[in-house]
>>> print(open('upload22.cif').read())   # mmCIF, N, CA and C atoms
data_protein
loop_
_atom_site.group_PDB
_atom_site.id
_atom_site.type_symbol
_atom_site.label_atom_id
_atom_site.label_comp_id
_atom_site.auth_asym_id
_atom_site.auth_seq_id
_atom_site.Cartn_x
_atom_site.Cartn_y
_atom_site.Cartn_z
ATOM 1 N N MET A 1 21.968 -16.118 8.796
ATOM 2 C CA MET A 1 22.944 -15.099 8.490
ATOM 3 C C MET A 1 23.087 -14.182 9.700
ATOM 4 N N GLN A 2 24.146 -14.359 10.397
ATOM 5 C CA GLN A 2 24.357 -13.608 11.631
ATOM 6 C C GLN A 2 24.540 -12.111 11.401
ATOM 7 N N TRP A 3 25.017 -11.734 10.239
ATOM 8 C CA TRP A 3 25.287 -10.320 9.967
ATOM 9 C C TRP A 3 24.031 -9.540 9.598
ATOM 10 N N TYR A 4 22.955 -10.236 9.253
ATOM 11 C CA TYR A 4 21.736 -9.553 8.812
ATOM 12 C C TYR A 4 20.948 -9.040 10.012
ATOM 13 N N GLN A 5 20.580 -7.760 9.986
ATOM 14 C CA GLN A 5 19.878 -7.122 11.099
ATOM 15 C C GLN A 5 18.495 -6.596 10.694
ATOM 16 N N ASP A 6 17.814 -7.258 9.778
ATOM 17 C CA ASP A 6 16.462 -6.872 9.332
ATOM 18 C C ASP A 6 16.405 -5.536 8.594
ATOM 19 N N GLU A 7 17.511 -5.125 7.968
ATOM 20 C CA GLU A 7 17.529 -3.850 7.245
ATOM 21 C C GLU A 7 16.473 -3.817 6.141
ATOM 22 N N LEU A 8 16.370 -4.891 5.370
ATOM 23 C CA LEU A 8 15.402 -4.917 4.269
ATOM 24 C C LEU A 8 13.969 -4.903 4.789
ATOM 25 N N LEU A 9 13.726 -5.562 5.895
ATOM 26 C CA LEU A 9 12.395 -5.563 6.483
ATOM 27 C C LEU A 9 12.018 -4.162 6.956
ATOM 28 N N HIS A 10 12.967 -3.445 7.546
ATOM 29 C CA HIS A 10 12.708 -2.067 7.991
ATOM 30 C C HIS A 10 12.419 -1.157 6.798
ATOM 31 N N MET A 11 13.154 -1.344 5.706
ATOM 32 C CA MET A 11 12.905 -0.545 4.502
ATOM 33 C C MET A 11 11.552 -0.892 3.896
ATOM 34 N N ALA A 12 11.187 -2.171 3.895
ATOM 35 C CA ALA A 12 9.886 -2.583 3.359
ATOM 36 C C ALA A 12 8.753 -1.980 4.186
ATOM 37 N N LYS A 13 8.918 -1.941 5.494
ATOM 38 C CA LYS A 13 7.892 -1.344 6.354
ATOM 39 C C LYS A 13 7.777 0.149 6.086
ATOM 40 N N ASP A 14 8.897 0.817 5.888
ATOM 41 C CA ASP A 14 8.884 2.249 5.581
ATOM 42 C C ASP A 14 8.123 2.513 4.280
ATOM 43 N N VAL A 15 8.400 1.731 3.256
ATOM 44 C CA VAL A 15 7.695 1.894 1.975
ATOM 45 C C VAL A 15 6.208 1.584 2.156
ATOM 46 N N GLY A 16 5.897 0.548 2.917
ATOM 47 C CA GLY A 16 4.501 0.209 3.176
ATOM 48 C C GLY A 16 3.752 1.340 3.853
ATOM 49 N N LEU A 17 4.377 1.975 4.829
ATOM 50 C CA LEU A 17 3.747 3.107 5.515
ATOM 51 C C LEU A 17 3.516 4.271 4.559
ATOM 52 N N ARG A 18 4.438 4.466 3.638
ATOM 53 C CA ARG A 18 4.281 5.543 2.656
ATOM 54 C C ARG A 18 3.165 5.237 1.659
ATOM 55 N N LEU A 19 2.905 3.956 1.417
ATOM 56 C CA LEU A 19 1.861 3.560 0.468
ATOM 57 C C LEU A 19 0.467 3.490 1.093
ATOM 58 N N LEU A 20 0.368 3.433 2.406
ATOM 59 C CA LEU A 20 -0.937 3.298 3.063
ATOM 60 C C LEU A 20 -1.965 4.340 2.624
ATOM 61 N N PRO A 21 -1.605 5.623 2.442
ATOM 62 C CA PRO A 21 -2.611 6.603 2.018
ATOM 63 C C PRO A 21 -3.266 6.277 0.677
ATOM 64 N N ALA A 22 -2.640 5.449 -0.130
ATOM 65 C CA ALA A 22 -3.233 5.073 -1.418
ATOM 66 C C ALA A 22 -4.546 4.330 -1.230
ATOM 67 N N PHE A 23 -4.771 3.750 -0.056
ATOM 68 C CA PHE A 23 -5.993 2.993 0.196
ATOM 69 C C PHE A 23 -7.130 3.859 0.730
ATOM 70 N N ASN A 24 -6.909 5.146 0.887
ATOM 71 C CA ASN A 24 -7.961 6.056 1.344
ATOM 72 C C ASN A 24 -8.797 6.501 0.144
ATOM 73 N N THR A 25 -9.566 5.580 -0.409
ATOM 74 C CA THR A 25 -10.377 5.862 -1.591
ATOM 75 C C THR A 25 -11.825 5.497 -1.335
ATOM 76 N N SER A 26 -12.713 6.090 -2.109
ATOM 77 C CA SER A 26 -14.135 5.765 -1.959
ATOM 78 C C SER A 26 -14.469 4.410 -2.583
ATOM 79 N N SER A 27 -13.698 4.002 -3.592
ATOM 80 C CA SER A 27 -13.971 2.735 -4.278
ATOM 81 C C SER A 27 -13.434 1.526 -3.524
ATOM 82 N N GLY A 28 -12.465 1.753 -2.666
ATOM 83 C CA GLY A 28 -11.840 0.639 -1.970
ATOM 84 C C GLY A 28 -10.574 0.152 -2.640
ATOM 85 N N LEU A 29 -10.415 0.449 -3.926
ATOM 86 C CA LEU A 29 -9.178 0.090 -4.622
ATOM 87 C C LEU A 29 -8.152 1.192 -4.395
ATOM 88 N N PRO A 30 -6.891 0.841 -4.256
ATOM 89 C CA PRO A 30 -5.881 1.872 -4.005
ATOM 90 C C PRO A 30 -5.646 2.740 -5.241
ATOM 91 N N TYR A 31 -5.207 3.965 -4.989
ATOM 92 C CA TYR A 31 -4.793 4.822 -6.099
ATOM 93 C C TYR A 31 -3.619 4.157 -6.807
ATOM 94 N N PRO A 32 -3.496 4.338 -8.116
ATOM 95 C CA PRO A 32 -2.433 3.659 -8.861
ATOM 96 C C PRO A 32 -1.054 4.261 -8.657
ATOM 97 N N ARG A 33 -0.988 5.527 -8.218
ATOM 98 C CA ARG A 33 0.309 6.183 -8.077
ATOM 99 C C ARG A 33 0.394 6.947 -6.759
ATOM 100 N N VAL A 34 1.531 6.799 -6.106
ATOM 101 C CA VAL A 34 1.811 7.535 -4.876
ATOM 102 C C VAL A 34 3.243 8.026 -4.973
ATOM 103 N N ASN A 35 3.441 9.308 -4.746
ATOM 104 C CA ASN A 35 4.787 9.854 -4.691
ATOM 105 C C ASN A 35 5.338 9.496 -3.313
ATOM 106 N N LEU A 36 6.388 8.696 -3.269
ATOM 107 C CA LEU A 36 6.902 8.206 -1.987
ATOM 108 C C LEU A 36 7.521 9.306 -1.139
ATOM 109 N N LYS A 37 7.855 10.430 -1.749
ATOM 110 C CA LYS A 37 8.424 11.545 -0.991
ATOM 111 C C LYS A 37 7.338 12.495 -0.492
ATOM 112 N N HIS A 38 6.348 12.776 -1.346
ATOM 113 C CA HIS A 38 5.344 13.791 -1.026
ATOM 114 C C HIS A 38 3.960 13.232 -0.727
ATOM 115 N N GLY A 39 3.734 11.960 -0.959
ATOM 116 C CA GLY A 39 2.424 11.365 -0.716
ATOM 117 C C GLY A 39 1.479 11.572 -1.883
ATOM 118 N N LEU A 40 0.186 11.479 -1.614
ATOM 119 C CA LEU A 40 -0.829 11.643 -2.653
ATOM 120 C C LEU A 40 -1.020 13.113 -2.970
ATOM 121 N N ARG A 41 -1.319 13.390 -4.231
ATOM 122 C CA ARG A 41 -1.685 14.753 -4.591
ATOM 123 C C ARG A 41 -3.133 14.978 -4.183
ATOM 124 N N SER A 42 -3.530 16.233 -4.111
ATOM 125 C CA SER A 42 -4.901 16.540 -3.710
ATOM 126 C C SER A 42 -5.883 15.999 -4.745
ATOM 127 N N PRO A 43 -7.083 15.610 -4.324
ATOM 128 C CA PRO A 43 -8.066 15.052 -5.259
ATOM 129 C C PRO A 43 -8.398 15.997 -6.409
ATOM 130 N N GLU A 44 -8.335 17.307 -6.162
ATOM 131 C CA GLU A 44 -8.666 18.275 -7.199
ATOM 132 C C GLU A 44 -7.674 18.226 -8.357
ATOM 133 N N SER A 45 -6.447 17.803 -8.094
ATOM 134 C CA SER A 45 -5.431 17.794 -9.144
ATOM 135 C C SER A 45 -5.406 16.485 -9.925
ATOM 136 N N ARG A 46 -6.221 15.518 -9.515
ATOM 137 C CA ARG A 46 -6.244 14.228 -10.210
ATOM 138 C C ARG A 46 -7.226 14.281 -11.369
ATOM 139 N N THR A 47 -6.842 13.660 -12.463
ATOM 140 C CA THR A 47 -7.745 13.596 -13.610
ATOM 141 C C THR A 47 -7.726 12.202 -14.205
ATOM 142 N N GLY A 48 -8.880 11.757 -14.676
ATOM 143 C CA GLY A 48 -9.025 10.542 -15.472
ATOM 144 C C GLY A 48 -8.176 9.365 -15.082
ATOM 145 N N THR A 49 -7.196 9.052 -15.914
ATOM 146 C CA THR A 49 -6.437 7.821 -15.759
ATOM 147 C C THR A 49 -5.610 7.772 -14.489
ATOM 148 N N GLU A 50 -5.390 8.907 -13.852
ATOM 149 C CA GLU A 50 -4.611 8.889 -12.616
ATOM 150 C C GLU A 50 -5.368 8.195 -11.488
ATOM 151 N N THR A 51 -6.663 8.027 -11.645
ATOM 152 C CA THR A 51 -7.441 7.338 -10.613
ATOM 153 C C THR A 51 -7.871 5.944 -11.062
ATOM 154 N N ASP A 52 -7.496 5.550 -12.260
ATOM 155 C CA ASP A 52 -7.829 4.216 -12.757
ATOM 156 C C ASP A 52 -6.794 3.215 -12.263
ATOM 157 N N THR A 53 -7.248 2.236 -11.510
ATOM 158 C CA THR A 53 -6.342 1.249 -10.936
ATOM 159 C C THR A 53 -6.526 -0.098 -11.619
ATOM 160 N N CYS A 54 -5.437 -0.693 -12.004
ATOM 161 C CA CYS A 54 -5.432 -2.037 -12.574
ATOM 162 C C CYS A 54 -5.809 -3.018 -11.456
ATOM 163 N N THR A 55 -6.833 -3.831 -11.669
ATOM 164 C CA THR A 55 -7.283 -4.735 -10.606
ATOM 165 C C THR A 55 -6.228 -5.775 -10.245
ATOM 166 N N ALA A 56 -5.430 -6.202 -11.219
ATOM 167 C CA ALA A 56 -4.356 -7.160 -10.923
ATOM 168 C C ALA A 56 -3.311 -6.519 -10.017
ATOM 169 N N CYS A 57 -2.991 -5.260 -10.281
ATOM 170 C CA CYS A 57 -2.015 -4.547 -9.441
ATOM 171 C C CYS A 57 -2.564 -4.357 -8.030
ATOM 172 N N ALA A 58 -3.841 -3.995 -7.943
ATOM 173 C CA ALA A 58 -4.466 -3.820 -6.631
ATOM 174 C C ALA A 58 -4.469 -5.136 -5.862
ATOM 175 N N GLY A 59 -4.779 -6.230 -6.543
ATOM 176 C CA GLY A 59 -4.772 -7.539 -5.892
ATOM 177 C C GLY A 59 -3.400 -7.935 -5.408
ATOM 178 N N THR A 60 -2.387 -7.614 -6.204
ATOM 179 C CA THR A 60 -1.013 -7.933 -5.824
ATOM 180 C C THR A 60 -0.596 -7.177 -4.577
ATOM 181 N N ILE A 61 -0.904 -5.882 -4.524
ATOM 182 C CA ILE A 61 -0.478 -5.101 -3.356
ATOM 183 C C ILE A 61 -1.229 -5.552 -2.105
ATOM 184 N N ILE A 62 -2.461 -6.020 -2.263
ATOM 185 C CA ILE A 62 -3.197 -6.549 -1.108
ATOM 186 C C ILE A 62 -2.479 -7.769 -0.541
ATOM 187 N N LEU A 63 -2.034 -8.660 -1.404
ATOM 188 C CA LEU A 63 -1.280 -9.838 -0.952
ATOM 189 C C LEU A 63 0.057 -9.436 -0.334
ATOM 190 N N GLU A 64 0.725 -8.462 -0.951
ATOM 191 C CA GLU A 64 2.020 -8.018 -0.430
ATOM 192 C C GLU A 64 1.868 -7.350 0.930
ATOM 193 N N PHE A 65 0.793 -6.584 1.113
ATOM 194 C CA PHE A 65 0.568 -5.941 2.403
ATOM 195 C C PHE A 65 0.259 -6.978 3.480
ATOM 196 N N ALA A 66 -0.464 -8.032 3.124
ATOM 197 C CA ALA A 66 -0.733 -9.102 4.092
ATOM 198 C C ALA A 66 0.576 -9.751 4.530
ATOM 199 N N ALA A 67 1.453 -10.011 3.581
ATOM 200 C CA ALA A 67 2.757 -10.600 3.912
ATOM 201 C C ALA A 67 3.577 -9.638 4.762
ATOM 202 N N LEU A 68 3.537 -8.350 4.428
ATOM 203 C CA LEU A 68 4.295 -7.357 5.196
ATOM 204 C C LEU A 68 3.809 -7.311 6.643
ATOM 205 N N SER A 69 2.507 -7.383 6.850
ATOM 206 C CA SER A 69 1.972 -7.412 8.218
ATOM 207 C C SER A 69 2.487 -8.616 8.985
ATOM 208 N N ARG A 70 2.523 -9.740 8.332
ATOM 209 C CA ARG A 70 2.958 -10.963 9.020
ATOM 210 C C ARG A 70 4.452 -10.955 9.306
ATOM 211 N N PHE A 71 5.245 -10.443 8.372
ATOM 212 C CA PHE A 71 6.699 -10.392 8.594
ATOM 213 C C PHE A 71 7.086 -9.352 9.640
ATOM 214 N N THR A 72 6.382 -8.212 9.666
ATOM 215 C CA THR A 72 6.736 -7.151 10.613
ATOM 216 C C THR A 72 6.032 -7.307 11.952
ATOM 217 N N GLY A 73 4.943 -8.078 11.975
ATOM 218 C CA GLY A 73 4.158 -8.193 13.196
ATOM 219 C C GLY A 73 3.262 -6.988 13.420
ATOM 220 N N ASP A 74 3.135 -6.122 12.412
ATOM 221 C CA ASP A 74 2.309 -4.919 12.492
ATOM 222 C C ASP A 74 1.055 -5.138 11.643
ATOM 223 N N PRO A 75 -0.110 -5.272 12.261
ATOM 224 C CA PRO A 75 -1.319 -5.606 11.511
ATOM 225 C C PRO A 75 -1.878 -4.475 10.654
ATOM 226 N N VAL A 76 -1.346 -3.274 10.765
ATOM 227 C CA VAL A 76 -1.919 -2.117 10.071
ATOM 228 C C VAL A 76 -2.039 -2.330 8.565
ATOM 229 N N PHE A 77 -1.096 -3.003 7.954
ATOM 230 C CA PHE A 77 -1.120 -3.196 6.500
ATOM 231 C C PHE A 77 -2.235 -4.149 6.080
ATOM 232 N N GLU A 78 -2.356 -5.254 6.794
ATOM 233 C CA GLU A 78 -3.395 -6.233 6.463
ATOM 234 C C GLU A 78 -4.784 -5.693 6.793
ATOM 235 N N VAL A 79 -4.911 -4.986 7.901
ATOM 236 C CA VAL A 79 -6.199 -4.405 8.285
ATOM 237 C C VAL A 79 -6.649 -3.392 7.234
ATOM 238 N N LYS A 80 -5.715 -2.577 6.764
ATOM 239 C CA LYS A 80 -6.046 -1.542 5.776
ATOM 240 C C LYS A 80 -6.555 -2.156 4.477
ATOM 241 N N THR A 81 -6.068 -3.326 4.122
ATOM 242 C CA THR A 81 -6.461 -3.948 2.856
ATOM 243 C C THR A 81 -7.579 -4.973 3.001
ATOM 244 N N ASP A 82 -7.887 -5.417 4.209
ATOM 245 C CA ASP A 82 -8.925 -6.444 4.407
ATOM 246 C C ASP A 82 -10.274 -6.027 3.834
ATOM 247 N N ASN A 83 -10.675 -4.795 4.064
ATOM 248 C CA ASN A 83 -11.978 -4.338 3.581
ATOM 249 C C ASN A 83 -12.054 -4.342 2.061
ATOM 250 N N HIS A 84 -10.933 -4.230 1.406
ATOM 251 C CA HIS A 84 -10.913 -4.162 -0.050
ATOM 252 C C HIS A 84 -11.129 -5.531 -0.684
ATOM 253 N N LEU A 85 -10.962 -6.580 0.095
ATOM 254 C CA LEU A 85 -11.208 -7.925 -0.424
ATOM 255 C C LEU A 85 -12.700 -8.213 -0.547
ATOM 256 N N LEU A 86 -13.514 -7.413 0.117
ATOM 257 C CA LEU A 86 -14.959 -7.638 0.116
ATOM 258 C C LEU A 86 -15.657 -6.995 -1.076
ATOM 259 N N LEU A 87 -14.920 -6.302 -1.919
ATOM 260 C CA LEU A 87 -15.537 -5.620 -3.074
ATOM 261 C C LEU A 87 -16.063 -6.597 -4.087
#
>>> encode(input="upload22.cif", output="structure tokens")
Amino acid sequence: MQWYQDELLHMAKDVGLRLLPAFNTSSGLPYPRVNLKHGLRSPESRTGTETDTCTACAGTIILEFAALSRFTGDPVFEVKTDNHLLL
């Protein structure tokens, strides 16, 4: 498709960059919710279920981040999730 200029790939990378802070956890599993405009809320404001992550969802995003790294050529997404596979 000659008219396509990687617009969707650029948007996917932008969303991926916004989701990266979700992996800054002590457990290694990403936070279940990230506000794409404002980022993560402070740890003091989180309670109970807001920190409970579905393991299937976490596994899916790990696979999606690996694919995003390969499509964009930017290893940051796969590197960020690699350590979480060792849990």
>>> atom_distance(input="upload22.cif", atom1="CA of Phe65 (chain A)", atom2="atom N of Thr25 (chain A)")
15.6 Å
>>> closest_residue(input="upload22.cif", among="A:Cys57, A:Asp52, A:Phe71, A:Asp82", to="Ser27 (chain A)", atoms="only C-alpha atoms")
A:Asp52
>>> atom_distance(input="upload22.cif", atom1="CA of Leu17 (chain A)", atom2="CA of Phe77 (chain A)")
8.0 Å
>>> select_by_dssp(input="upload22.cif", residues="region 9-63 of chain A", states="helix (DSSP H, G or I)", output="PDB file with N, CA and C atoms, keeping the file's coordinate frame")
ATOM      1  N   LEU A   9      13.726  -5.562   5.895  1.00  0.00           N
ATOM      2  CA  LEU A   9      12.395  -5.563   6.483  1.00  0.00           C
ATOM      3  C   LEU A   9      12.018  -4.162   6.956  1.00  0.00           C
ATOM      4  N   HIS A  10      12.967  -3.445   7.546  1.00  0.00           N
ATOM      5  CA  HIS A  10      12.708  -2.067   7.991  1.00  0.00           C
ATOM      6  C   HIS A  10      12.419  -1.157   6.798  1.00  0.00           C
ATOM      7  N   MET A  11      13.154  -1.344   5.706  1.00  0.00           N
ATOM      8  CA  MET A  11      12.905  -0.545   4.502  1.00  0.00           C
ATOM      9  C   MET A  11      11.552  -0.892   3.896  1.00  0.00           C
ATOM     10  N   ALA A  12      11.187  -2.171   3.895  1.00  0.00           N
ATOM     11  CA  ALA A  12       9.886  -2.583   3.359  1.00  0.00           C
ATOM     12  C   ALA A  12       8.753  -1.980   4.186  1.00  0.00           C
ATOM     13  N   LYS A  13       8.918  -1.941   5.494  1.00  0.00           N
ATOM     14  CA  LYS A  13       7.892  -1.344   6.354  1.00  0.00           C
ATOM     15  C   LYS A  13       7.777   0.149   6.086  1.00  0.00           C
ATOM     16  N   ASP A  14       8.897   0.817   5.888  1.00  0.00           N
ATOM     17  CA  ASP A  14       8.884   2.249   5.581  1.00  0.00           C
ATOM     18  C   ASP A  14       8.123   2.513   4.280  1.00  0.00           C
ATOM     19  N   VAL A  15       8.400   1.731   3.256  1.00  0.00           N
ATOM     20  CA  VAL A  15       7.695   1.894   1.975  1.00  0.00           C
ATOM     21  C   VAL A  15       6.208   1.584   2.156  1.00  0.00           C
ATOM     22  N   GLY A  16       5.897   0.548   2.917  1.00  0.00           N
ATOM     23  CA  GLY A  16       4.501   0.209   3.176  1.00  0.00           C
ATOM     24  C   GLY A  16       3.752   1.340   3.853  1.00  0.00           C
ATOM     25  N   LEU A  17       4.377   1.975   4.829  1.00  0.00           N
ATOM     26  CA  LEU A  17       3.747   3.107   5.515  1.00  0.00           C
ATOM     27  C   LEU A  17       3.516   4.271   4.559  1.00  0.00           C
ATOM     28  N   ARG A  18       4.438   4.466   3.638  1.00  0.00           N
ATOM     29  CA  ARG A  18       4.281   5.543   2.656  1.00  0.00           C
ATOM     30  C   ARG A  18       3.165   5.237   1.659  1.00  0.00           C
ATOM     31  N   LEU A  19       2.905   3.956   1.417  1.00  0.00           N
ATOM     32  CA  LEU A  19       1.861   3.560   0.468  1.00  0.00           C
ATOM     33  C   LEU A  19       0.467   3.490   1.093  1.00  0.00           C
ATOM     34  N   LEU A  20       0.368   3.433   2.406  1.00  0.00           N
ATOM     35  CA  LEU A  20      -0.937   3.298   3.063  1.00  0.00           C
ATOM     36  C   LEU A  20      -1.965   4.340   2.624  1.00  0.00           C
ATOM     37  N   PRO A  21      -1.605   5.623   2.442  1.00  0.00           N
ATOM     38  CA  PRO A  21      -2.611   6.603   2.018  1.00  0.00           C
ATOM     39  C   PRO A  21      -3.266   6.277   0.677  1.00  0.00           C
ATOM     40  N   ALA A  22      -2.640   5.449  -0.130  1.00  0.00           N
ATOM     41  CA  ALA A  22      -3.233   5.073  -1.418  1.00  0.00           C
ATOM     42  C   ALA A  22      -4.546   4.330  -1.230  1.00  0.00           C
ATOM     43  N   PHE A  23      -4.771   3.750  -0.056  1.00  0.00           N
ATOM     44  CA  PHE A  23      -5.993   2.993   0.196  1.00  0.00           C
ATOM     45  C   PHE A  23      -7.130   3.859   0.730  1.00  0.00           C
ATOM     46  N   PRO A  43      -7.083  15.610  -4.324  1.00  0.00           N
ATOM     47  CA  PRO A  43      -8.066  15.052  -5.259  1.00  0.00           C
ATOM     48  C   PRO A  43      -8.398  15.997  -6.409  1.00  0.00           C
ATOM     49  N   GLU A  44      -8.335  17.307  -6.162  1.00  0.00           N
ATOM     50  CA  GLU A  44      -8.666  18.275  -7.199  1.00  0.00           C
ATOM     51  C   GLU A  44      -7.674  18.226  -8.357  1.00  0.00           C
ATOM     52  N   SER A  45      -6.447  17.803  -8.094  1.00  0.00           N
ATOM     53  CA  SER A  45      -5.431  17.794  -9.144  1.00  0.00           C
ATOM     54  C   SER A  45      -5.406  16.485  -9.925  1.00  0.00           C
ATOM     55  N   GLY A  48      -8.880  11.757 -14.676  1.00  0.00           N
ATOM     56  CA  GLY A  48      -9.025  10.542 -15.472  1.00  0.00           C
ATOM     57  C   GLY A  48      -8.176   9.365 -15.082  1.00  0.00           C
ATOM     58  N   THR A  49      -7.196   9.052 -15.914  1.00  0.00           N
ATOM     59  CA  THR A  49      -6.437   7.821 -15.759  1.00  0.00           C
ATOM     60  C   THR A  49      -5.610   7.772 -14.489  1.00  0.00           C
ATOM     61  N   GLU A  50      -5.390   8.907 -13.852  1.00  0.00           N
ATOM     62  CA  GLU A  50      -4.611   8.889 -12.616  1.00  0.00           C
ATOM     63  C   GLU A  50      -5.368   8.195 -11.488  1.00  0.00           C
ATOM     64  N   THR A  51      -6.663   8.027 -11.645  1.00  0.00           N
ATOM     65  CA  THR A  51      -7.441   7.338 -10.613  1.00  0.00           C
ATOM     66  C   THR A  51      -7.871   5.944 -11.062  1.00  0.00           C
ATOM     67  N   THR A  55      -6.833  -3.831 -11.669  1.00  0.00           N
ATOM     68  CA  THR A  55      -7.283  -4.735 -10.606  1.00  0.00           C
ATOM     69  C   THR A  55      -6.228  -5.775 -10.245  1.00  0.00           C
ATOM     70  N   ALA A  56      -5.430  -6.202 -11.219  1.00  0.00           N
ATOM     71  CA  ALA A  56      -4.356  -7.160 -10.923  1.00  0.00           C
ATOM     72  C   ALA A  56      -3.311  -6.519 -10.017  1.00  0.00           C
ATOM     73  N   CYS A  57      -2.991  -5.260 -10.281  1.00  0.00           N
ATOM     74  CA  CYS A  57      -2.015  -4.547  -9.441  1.00  0.00           C
ATOM     75  C   CYS A  57      -2.564  -4.357  -8.030  1.00  0.00           C
ATOM     76  N   ALA A  58      -3.841  -3.995  -7.943  1.00  0.00           N
ATOM     77  CA  ALA A  58      -4.466  -3.820  -6.631  1.00  0.00           C
ATOM     78  C   ALA A  58      -4.469  -5.136  -5.862  1.00  0.00           C
ATOM     79  N   GLY A  59      -4.779  -6.230  -6.543  1.00  0.00           N
ATOM     80  CA  GLY A  59      -4.772  -7.539  -5.892  1.00  0.00           C
ATOM     81  C   GLY A  59      -3.400  -7.935  -5.408  1.00  0.00           C
ATOM     82  N   THR A  60      -2.387  -7.614  -6.204  1.00  0.00           N
ATOM     83  CA  THR A  60      -1.013  -7.933  -5.824  1.00  0.00           C
ATOM     84  C   THR A  60      -0.596  -7.177  -4.577  1.00  0.00           C
ATOM     85  N   ILE A  61      -0.904  -5.882  -4.524  1.00  0.00           N
ATOM     86  CA  ILE A  61      -0.478  -5.101  -3.356  1.00  0.00           C
ATOM     87  C   ILE A  61      -1.229  -5.552  -2.105  1.00  0.00           C
ATOM     88  N   ILE A  62      -2.461  -6.020  -2.263  1.00  0.00           N
ATOM     89  CA  ILE A  62      -3.197  -6.549  -1.108  1.00  0.00           C
ATOM     90  C   ILE A  62      -2.479  -7.769  -0.541  1.00  0.00           C
ATOM     91  N   LEU A  63      -2.034  -8.660  -1.404  1.00  0.00           N
ATOM     92  CA  LEU A  63      -1.280  -9.838  -0.952  1.00  0.00           C
ATOM     93  C   LEU A  63       0.057  -9.436  -0.334  1.00  0.00           C
TER      94      LEU A  63
END
>>> atom_distance(input="upload22.cif", atom1="atom C of Pro21 (chain A)", atom2="CA of Gln5 (chain A)")
28.7 Å
>>> resolve_selection(input="upload22.cif", expression="the PyMOL selection byres ((chain A and resi 18) around 8)", output="PDB file with N, CA and C atoms, in the frame of the given file")
ATOM      1  N   ALA A  12      11.187  -2.171   3.895  1.00  0.00           N
ATOM      2  CA  ALA A  12       9.886  -2.583   3.359  1.00  0.00           C
ATOM      3  C   ALA A  12       8.753  -1.980   4.186  1.00  0.00           C
ATOM      4  N   LYS A  13       8.918  -1.941   5.494  1.00  0.00           N
ATOM      5  CA  LYS A  13       7.892  -1.344   6.354  1.00  0.00           C
ATOM      6  C   LYS A  13       7.777   0.149   6.086  1.00  0.00           C
ATOM      7  N   ASP A  14       8.897   0.817   5.888  1.00  0.00           N
ATOM      8  CA  ASP A  14       8.884   2.249   5.581  1.00  0.00           C
ATOM      9  C   ASP A  14       8.123   2.513   4.280  1.00  0.00           C
ATOM     10  N   VAL A  15       8.400   1.731   3.256  1.00  0.00           N
ATOM     11  CA  VAL A  15       7.695   1.894   1.975  1.00  0.00           C
ATOM     12  C   VAL A  15       6.208   1.584   2.156  1.00  0.00           C
ATOM     13  N   GLY A  16       5.897   0.548   2.917  1.00  0.00           N
ATOM     14  CA  GLY A  16       4.501   0.209   3.176  1.00  0.00           C
ATOM     15  C   GLY A  16       3.752   1.340   3.853  1.00  0.00           C
ATOM     16  N   LEU A  17       4.377   1.975   4.829  1.00  0.00           N
ATOM     17  CA  LEU A  17       3.747   3.107   5.515  1.00  0.00           C
ATOM     18  C   LEU A  17       3.516   4.271   4.559  1.00  0.00           C
ATOM     19  N   LEU A  19       2.905   3.956   1.417  1.00  0.00           N
ATOM     20  CA  LEU A  19       1.861   3.560   0.468  1.00  0.00           C
ATOM     21  C   LEU A  19       0.467   3.490   1.093  1.00  0.00           C
ATOM     22  N   LEU A  20       0.368   3.433   2.406  1.00  0.00           N
ATOM     23  CA  LEU A  20      -0.937   3.298   3.063  1.00  0.00           C
ATOM     24  C   LEU A  20      -1.965   4.340   2.624  1.00  0.00           C
ATOM     25  N   PRO A  21      -1.605   5.623   2.442  1.00  0.00           N
ATOM     26  CA  PRO A  21      -2.611   6.603   2.018  1.00  0.00           C
ATOM     27  C   PRO A  21      -3.266   6.277   0.677  1.00  0.00           C
ATOM     28  N   ALA A  22      -2.640   5.449  -0.130  1.00  0.00           N
ATOM     29  CA  ALA A  22      -3.233   5.073  -1.418  1.00  0.00           C
ATOM     30  C   ALA A  22      -4.546   4.330  -1.230  1.00  0.00           C
ATOM     31  N   VAL A  34       1.531   6.799  -6.106  1.00  0.00           N
ATOM     32  CA  VAL A  34       1.811   7.535  -4.876  1.00  0.00           C
ATOM     33  C   VAL A  34       3.243   8.026  -4.973  1.00  0.00           C
ATOM     34  N   ASN A  35       3.441   9.308  -4.746  1.00  0.00           N
ATOM     35  CA  ASN A  35       4.787   9.854  -4.691  1.00  0.00           C
ATOM     36  C   ASN A  35       5.338   9.496  -3.313  1.00  0.00           C
ATOM     37  N   LEU A  36       6.388   8.696  -3.269  1.00  0.00           N
ATOM     38  CA  LEU A  36       6.902   8.206  -1.987  1.00  0.00           C
ATOM     39  C   LEU A  36       7.521   9.306  -1.139  1.00  0.00           C
ATOM     40  N   LYS A  37       7.855  10.430  -1.749  1.00  0.00           N
ATOM     41  CA  LYS A  37       8.424  11.545  -0.991  1.00  0.00           C
ATOM     42  C   LYS A  37       7.338  12.495  -0.492  1.00  0.00           C
ATOM     43  N   GLY A  39       3.734  11.960  -0.959  1.00  0.00           N
ATOM     44  CA  GLY A  39       2.424  11.365  -0.716  1.00  0.00           C
ATOM     45  C   GLY A  39       1.479  11.572  -1.883  1.00  0.00           C
ATOM     46  N   LEU A  40       0.186  11.479  -1.614  1.00  0.00           N
ATOM     47  CA  LEU A  40      -0.829  11.643  -2.653  1.00  0.00           C
ATOM     48  C   LEU A  40      -1.020  13.113  -2.970  1.00  0.00           C
TER      49      LEU A  40
END
>>> axis_aligned_box(input="upload22.cif", around="region 57-63 of chain A", padding_each_side="3 Å", output="JSON")
{"center_x": -2.4, "center_y": -6.8, "center_z": -5.3, "size_x": 10.8, "size_y": 12.0, "size_z": 15.9}
>>> closest_residue(input="upload22.cif", among="A:Ser26, A:Thr55, A:Thr72, A:Lys80", to="Asp6 (chain A)", atoms="only C-alpha atoms")
A:Thr72
>>> closest_residue(input="upload22.cif", among="A:Val79, A:His38, A:Leu68, A:Pro32", to="Ala56 (chain A)", atoms="only C-alpha atoms")
A:Pro32
